[in-house]
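Peer 1: My structure is in upload-v4.cif, and what it holds is mmCIF, C-alpha atoms:
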data_structure
loop_
_atom_site.label_atom_id
_atom_site.label_comp_id
_atom_site.auth_asym_id
_atom_site.auth_seq_id
_atom_site.Cartn_x
_atom_site.Cartn_y
_atom_site.Cartn_z
CA PHE A 404 0.00 0.00 0.00
CA ARG A 405 2.79 2.44 0.89
CA ARG A 406 4.53 1.79 -2.41
CA VAL A 407 1.31 2.45 -4.35
CA LEU A 408 0.69 5.65 -2.38
CA PHE A 409 4.27 6.80 -2.98
CA ARG A 410 3.94 6.07 -6.71
CA SER A 411 0.68 8.03 -6.83
CA ILE A 412 2.27 11.02 -5.08
CA MET A 413 5.30 10.90 -7.39
CA ASP A 414 3.08 10.71 -10.47
CA LYS A 415 1.17 13.77 -9.23
CA ILE A 416 4.41 15.70 -8.71
CA ILE A 417 5.66 14.77 -12.19
CA PHE A 418 2.41 15.79 -13.89
CA GLU A 419 2.34 19.06 -11.96
CA LYS A 420 5.88 19.77 -13.19
CA VAL A 421 4.94 18.93 -16.78
CA GLY A 422 1.88 21.15 -16.43
CA LYS A 423 3.91 24.08 -15.16
CA ARG A 424 6.33 23.71 -18.04
CA LEU A 425 3.51 23.47 -20.58
CA LYS A 426 2.10 26.73 -19.25
CA GLN A 427 5.50 28.43 -19.02
CA ALA A 428 6.38 27.58 -22.62
CA ARG A 429 2.94 28.52 -23.95
CA GLU A 430 2.93 31.88 -22.20
CA LEU A 431 6.54 32.58 -23.19
CA ARG A 432 5.52 32.24 -26.84
CA HIS A 433 2.28 34.24 -26.32
CA ILE A 434 0.12 31.31 -27.44
CA THR A 435 -3.46 31.10 -26.21
CA LEU A 436 -5.01 28.02 -24.61
CA GLU A 437 -7.37 27.90 -27.57
CA ASP A 438 -4.55 27.94 -30.15
CA ALA A 439 -2.62 25.26 -28.24
CA GLY A 440 -5.74 23.11 -28.11
CA LYS A 441 -6.40 23.52 -31.81
CA LYS A 442 -2.83 22.43 -32.55
CA VAL A 443 -3.45 19.03 -30.90
CA ASP A 444 -7.22 18.72 -31.58
CA VAL A 445 -8.45 19.19 -28.01
CA HIS A 446 -10.57 21.82 -26.27
CA LYS A 447 -8.77 24.62 -24.46
CA SER A 448 -10.14 23.26 -21.17
CA THR A 449 -8.14 20.07 -21.74
CA VAL A 450 -4.95 22.11 -22.19
CA LEU A 451 -5.80 23.98 -19.00
CA ARG A 452 -6.23 20.67 -17.11
CA TRP A 453 -2.84 19.53 -18.41
CA GLU A 454 -1.25 22.78 -17.28
CA ASN A 455 -2.84 22.48 -13.84
CA GLY A 456 -1.58 18.89 -13.47
CA GLU A 457 -5.16 17.69 -13.12
CA THR A 458 -4.89 14.83 -15.59
CA GLU A 459 -2.33 12.24 -16.57
CA LYS A 460 -3.92 11.71 -19.97
CA ILE A 461 -1.36 13.47 -22.10
CA LYS A 462 0.30 11.26 -24.68
CA LEU A 463 3.88 11.49 -25.91
CA PRO A 464 2.90 12.52 -29.47
CA VAL A 465 0.97 15.46 -27.97
CA ILE A 466 4.02 16.49 -25.93
CA GLU A 467 6.12 16.33 -29.10
CA ILE A 468 3.65 18.42 -31.13
CA LEU A 469 3.39 21.05 -28.40
CA ALA A 470 7.17 21.13 -27.92
CA ASN A 471 7.57 21.81 -31.63
CA TYR A 472 4.82 24.42 -31.56
CA TYR A 473 6.33 26.14 -28.51
CA ASN A 474 9.86 25.66 -29.92
CA VAL A 475 11.15 24.02 -26.74
CA ASN A 476 13.00 20.81 -25.97
CA PRO A 477 10.40 18.00 -25.61
CA VAL A 478 12.56 16.33 -22.95
CA TRP A 479 12.46 19.54 -20.88
CA LEU A 480 8.70 19.71 -21.39
CA MET A 481 8.40 16.20 -19.93
CA GLY A 482 9.97 17.43 -16.69
CA TYR A 483 13.59 16.42 -17.07
CA ASP A 484 16.47 18.59 -15.93
CA VAL A 485 17.73 19.65 -19.37
CA PRO A 486 17.80 23.06 -21.09
CA MET A 487 14.41 24.40 -22.15
CA GLU A 488 15.56 25.67 -25.51
CA ARG A 489 15.67 23.33 -28.44
CA HIS A 490 19.21 22.86 -29.79
CA GLU A 491 19.68 21.68 -33.34
CA ILE A 492 22.71 19.53 -34.06
#
Please express the file's structure as structure tokens.

Peer 2:
Amino acid sequence: FRRVLFRSIMDKIIFEKVGKRLKQARELRHITLEDAGKKVDVHKSTVLRWENGETEKIKLPVIEILANYYNVNPVWLMGYDVPMERHEI
């Protein structure tokens, strides 16, 4: 039970971090919730739930599309400790 509870808490922390980064990148680029939602075929309220860490239902292809749209590193967007800016090799 403790392991399950710990996993649940860690998942929540991770999704909150992803949400904060989604919002940070979107606002940095002056993109509206509505425009972000249109880019990935969801309602703006879904994007808002992602940004608030209220749902875990965000798939990797969506992260990749938004990272491209926001011009940020998708790995950073997923919560990892890497530079935010996308670097081309």

Peer 1: Expanded to explicit residues, what is the PyMOL selection byres ((chain A and resi 426) around 12) for this file, as a PDB file with C-alpha atoms, in the frame of the given file?

Peer 2:
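See result_34.pdb below for the written result:
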ATOM      1  CA  GLU A 419       2.340  19.060 -11.960  1.00  0.00           C
ATOM      2  CA  LYS A 420       5.880  19.770 -13.190  1.00  0.00           C
ATOM      3  CA  VAL A 421       4.940  18.930 -16.780  1.00  0.00           C
ATOM      4  CA  GLY A 422       1.880  21.150 -16.430  1.00  0.00           C
ATOM      5  CA  LYS A 423       3.910  24.080 -15.160  1.00  0.00           C
ATOM      6  CA  ARG A 424       6.330  23.710 -18.040  1.00  0.00           C
ATOM      7  CA  LEU A 425       3.510  23.470 -20.580  1.00  0.00           C
ATOM      8  CA  GLN A 427       5.500  28.430 -19.020  1.00  0.00           C
ATOM      9  CA  ALA A 428       6.380  27.580 -22.620  1.00  0.00           C
ATOM     10  CA  ARG A 429       2.940  28.520 -23.950  1.00  0.00           C
ATOM     11  CA  GLU A 430       2.930  31.880 -22.200  1.00  0.00           C
ATOM     12  CA  LEU A 431       6.540  32.580 -23.190  1.00  0.00           C
ATOM     13  CA  ARG A 432       5.520  32.240 -26.840  1.00  0.00           C
ATOM     14  CA  HIS A 433       2.280  34.240 -26.320  1.00  0.00           C
ATOM     15  CA  ILE A 434       0.120  31.310 -27.440  1.00  0.00           C
ATOM     16  CA  THR A 435      -3.460  31.100 -26.210  1.00  0.00           C
ATOM     17  CA  LEU A 436      -5.010  28.020 -24.610  1.00  0.00           C
ATOM     18  CA  ALA A 439      -2.620  25.260 -28.240  1.00  0.00           C
ATOM     19  CA  VAL A 450      -4.950  22.110 -22.190  1.00  0.00           C
ATOM     20  CA  LEU A 451      -5.800  23.980 -19.000  1.00  0.00           C
ATOM     21  CA  ARG A 452      -6.230  20.670 -17.110  1.00  0.00           C
ATOM     22  CA  TRP A 453      -2.840  19.530 -18.410  1.00  0.00           C
ATOM     23  CA  GLU A 454      -1.250  22.780 -17.280  1.00  0.00           C
ATOM     24  CA  ASN A 455      -2.840  22.480 -13.840  1.00  0.00           C
ATOM     25  CA  GLY A 456      -1.580  18.890 -13.470  1.00  0.00           C
ATOM     26  CA  LEU A 469       3.390  21.050 -28.400  1.00  0.00           C
ATOM     27  CA  ALA A 470       7.170  21.130 -27.920  1.00  0.00           C
ATOM     28  CA  TYR A 473       6.330  26.140 -28.510  1.00  0.00           C
ATOM     29  CA  LEU A 480       8.700  19.710 -21.390  1.00  0.00           C
TER      30      LEU A 480
END

Peer 1: Give me the residues near A:Lys442 as a list in words, where near means some atom within 8 Å (using all atoms listed in the file) and where sequence neighbours in that chain fewer than 4 positions away do not count.

Peer 2: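 The residues that qualify are Asp438, Ile468, Leu469 and Tyr472 of chain A.
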
Peer 1: Could you check which of A:Pro464, A:Asp444, A:His490, A:Thr449 is closest to A:Asn476, using all atoms listed in the file?

Peer 2: A:His490

Peer 1: Would you compute the distance between atom CA of A:Lys441 and atom CA of A:Val485? Give it in Å to one decimal.

Peer 2: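 Between these atoms lies a distance of 27.4 Å.
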
Peer 1: Which residue, A:Ile417, A:Lys460, A:Ser448, A:Glu488, has the smallest gap to A:Asn474 when you use all atoms listed in the file?

Peer 2: A:Glu488

Peer 1: Would you mind reading off the distance between atom CA of A:Glu437 and atom CA of A:Met487, one decimal, in Å?

Peer 2: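 Calculated distance between atom CA of A:Glu437 and atom CA of A:Met487 is 22.7 Å.
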
Peer 1: Rank nothing, just name the residue among A:His446, A:Phe418, A:Pro486, A:Pro477 nearest to A:Val465, using all atoms listed in the file.

Peer 2: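 Ranking A:His446, A:Phe418, A:Pro486, A:Pro477 by distance to A:Val465, first place goes to A:Pro477.
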
Peer 1: So the first atom is atom CA of A:Ile461 and the second is atom CA of A:Gly440; what is the distance between them in Å, to one decimal place?

Peer 2: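 If I compute the distance from atom CA of A:Ile461 to atom CA of A:Gly440, I get 12.2 Å.
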
Peer 1: Since the input lacks some atoms of stretch 462-473 of chain A, please model all heavy atoms and print them as a compact mmCIF listing (two decimals), in the frame of the given file.

Peer 2:
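result14.txt, freshly written:
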# COMPACT_ATOMS: atom_id res chain seq x y z
N LYS A 462 -0.51 12.27 -24.00
CA LYS A 462 0.30 11.26 -24.68
C LYS A 462 1.58 11.88 -25.24
O LYS A 462 1.64 13.07 -25.53
CB LYS A 462 -0.52 10.61 -25.79
CG LYS A 462 -1.71 9.88 -25.22
CD LYS A 462 -2.53 9.22 -26.28
CE LYS A 462 -3.66 8.47 -25.59
NZ LYS A 462 -4.64 7.95 -26.47
N LEU A 463 2.59 11.04 -25.42
CA LEU A 463 3.88 11.49 -25.91
C LEU A 463 3.78 12.23 -27.25
O LEU A 463 4.42 13.28 -27.40
CB LEU A 463 4.84 10.30 -26.02
CG LEU A 463 6.27 10.64 -26.40
CD1 LEU A 463 6.89 11.65 -25.44
CD2 LEU A 463 7.11 9.38 -26.45
N PRO A 464 3.00 11.75 -28.22
CA PRO A 464 2.90 12.52 -29.47
C PRO A 464 2.37 13.94 -29.25
O PRO A 464 2.79 14.87 -29.95
CB PRO A 464 1.93 11.70 -30.33
CG PRO A 464 2.03 10.31 -29.80
CD PRO A 464 2.28 10.47 -28.32
N VAL A 465 1.49 14.13 -28.28
CA VAL A 465 0.97 15.46 -27.97
C VAL A 465 2.08 16.33 -27.40
O VAL A 465 2.23 17.49 -27.77
CB VAL A 465 -0.24 15.37 -27.00
CG1 VAL A 465 -0.64 16.76 -26.52
CG2 VAL A 465 -1.41 14.67 -27.67
N ILE A 466 2.87 15.76 -26.51
CA ILE A 466 4.02 16.49 -25.93
C ILE A 466 4.95 16.92 -27.06
O ILE A 466 5.42 18.06 -27.10
CB ILE A 466 4.79 15.60 -24.93
CG1 ILE A 466 3.95 15.30 -23.71
CG2 ILE A 466 6.13 16.23 -24.55
CD1 ILE A 466 4.00 16.30 -22.60
N GLU A 467 5.21 16.02 -27.99
CA GLU A 467 6.12 16.33 -29.10
C GLU A 467 5.56 17.44 -29.99
O GLU A 467 6.30 18.35 -30.39
CB GLU A 467 6.40 15.07 -29.92
CG GLU A 467 7.23 14.05 -29.15
CD GLU A 467 7.35 12.72 -29.87
OE1 GLU A 467 6.56 12.44 -30.80
OE2 GLU A 467 8.25 11.96 -29.50
N ILE A 468 4.27 17.38 -30.30
CA ILE A 468 3.65 18.42 -31.13
C ILE A 468 3.71 19.77 -30.43
O ILE A 468 4.08 20.79 -31.04
CB ILE A 468 2.19 18.04 -31.47
CG1 ILE A 468 2.17 16.85 -32.43
CG2 ILE A 468 1.45 19.24 -32.09
CD1 ILE A 468 0.79 16.21 -32.58
N LEU A 469 3.36 19.79 -29.14
CA LEU A 469 3.39 21.05 -28.40
C LEU A 469 4.82 21.58 -28.25
O LEU A 469 5.05 22.78 -28.35
CB LEU A 469 2.71 20.90 -27.04
CG LEU A 469 1.19 20.74 -27.10
CD1 LEU A 469 0.63 20.48 -25.72
CD2 LEU A 469 0.52 21.96 -27.73
N ALA A 470 5.77 20.70 -28.03
CA ALA A 470 7.17 21.13 -27.92
C ALA A 470 7.61 21.80 -29.22
O ALA A 470 8.27 22.84 -29.20
CB ALA A 470 8.07 19.94 -27.59
N ASN A 471 7.24 21.20 -30.34
CA ASN A 471 7.57 21.81 -31.63
C ASN A 471 6.88 23.15 -31.79
O ASN A 471 7.48 24.13 -32.23
CB ASN A 471 7.19 20.88 -32.79
CG ASN A 471 8.15 19.72 -32.93
OD1 ASN A 471 9.32 19.82 -32.59
ND2 ASN A 471 7.65 18.62 -33.43
N TYR A 472 5.60 23.20 -31.44
CA TYR A 472 4.82 24.42 -31.56
C TYR A 472 5.37 25.53 -30.67
O TYR A 472 5.45 26.69 -31.07
CB TYR A 472 3.36 24.11 -31.21
CG TYR A 472 2.37 25.21 -31.48
CD1 TYR A 472 2.38 25.94 -32.66
CD2 TYR A 472 1.37 25.50 -30.55
CE1 TYR A 472 1.45 26.93 -32.92
CE2 TYR A 472 0.43 26.49 -30.79
CZ TYR A 472 0.47 27.20 -31.98
OH TYR A 472 -0.45 28.18 -32.22
N TYR A 473 5.79 25.17 -29.46
CA TYR A 473 6.33 26.14 -28.51
C TYR A 473 7.83 26.39 -28.74
O TYR A 473 8.42 27.23 -28.08
CB TYR A 473 6.13 25.66 -27.07
CG TYR A 473 4.71 25.47 -26.64
CD1 TYR A 473 4.42 24.66 -25.53
CD2 TYR A 473 3.64 26.06 -27.27
CE1 TYR A 473 3.13 24.47 -25.09
CE2 TYR A 473 2.34 25.87 -26.84
CZ TYR A 473 2.09 25.08 -25.75
OH TYR A 473 0.80 24.89 -25.31
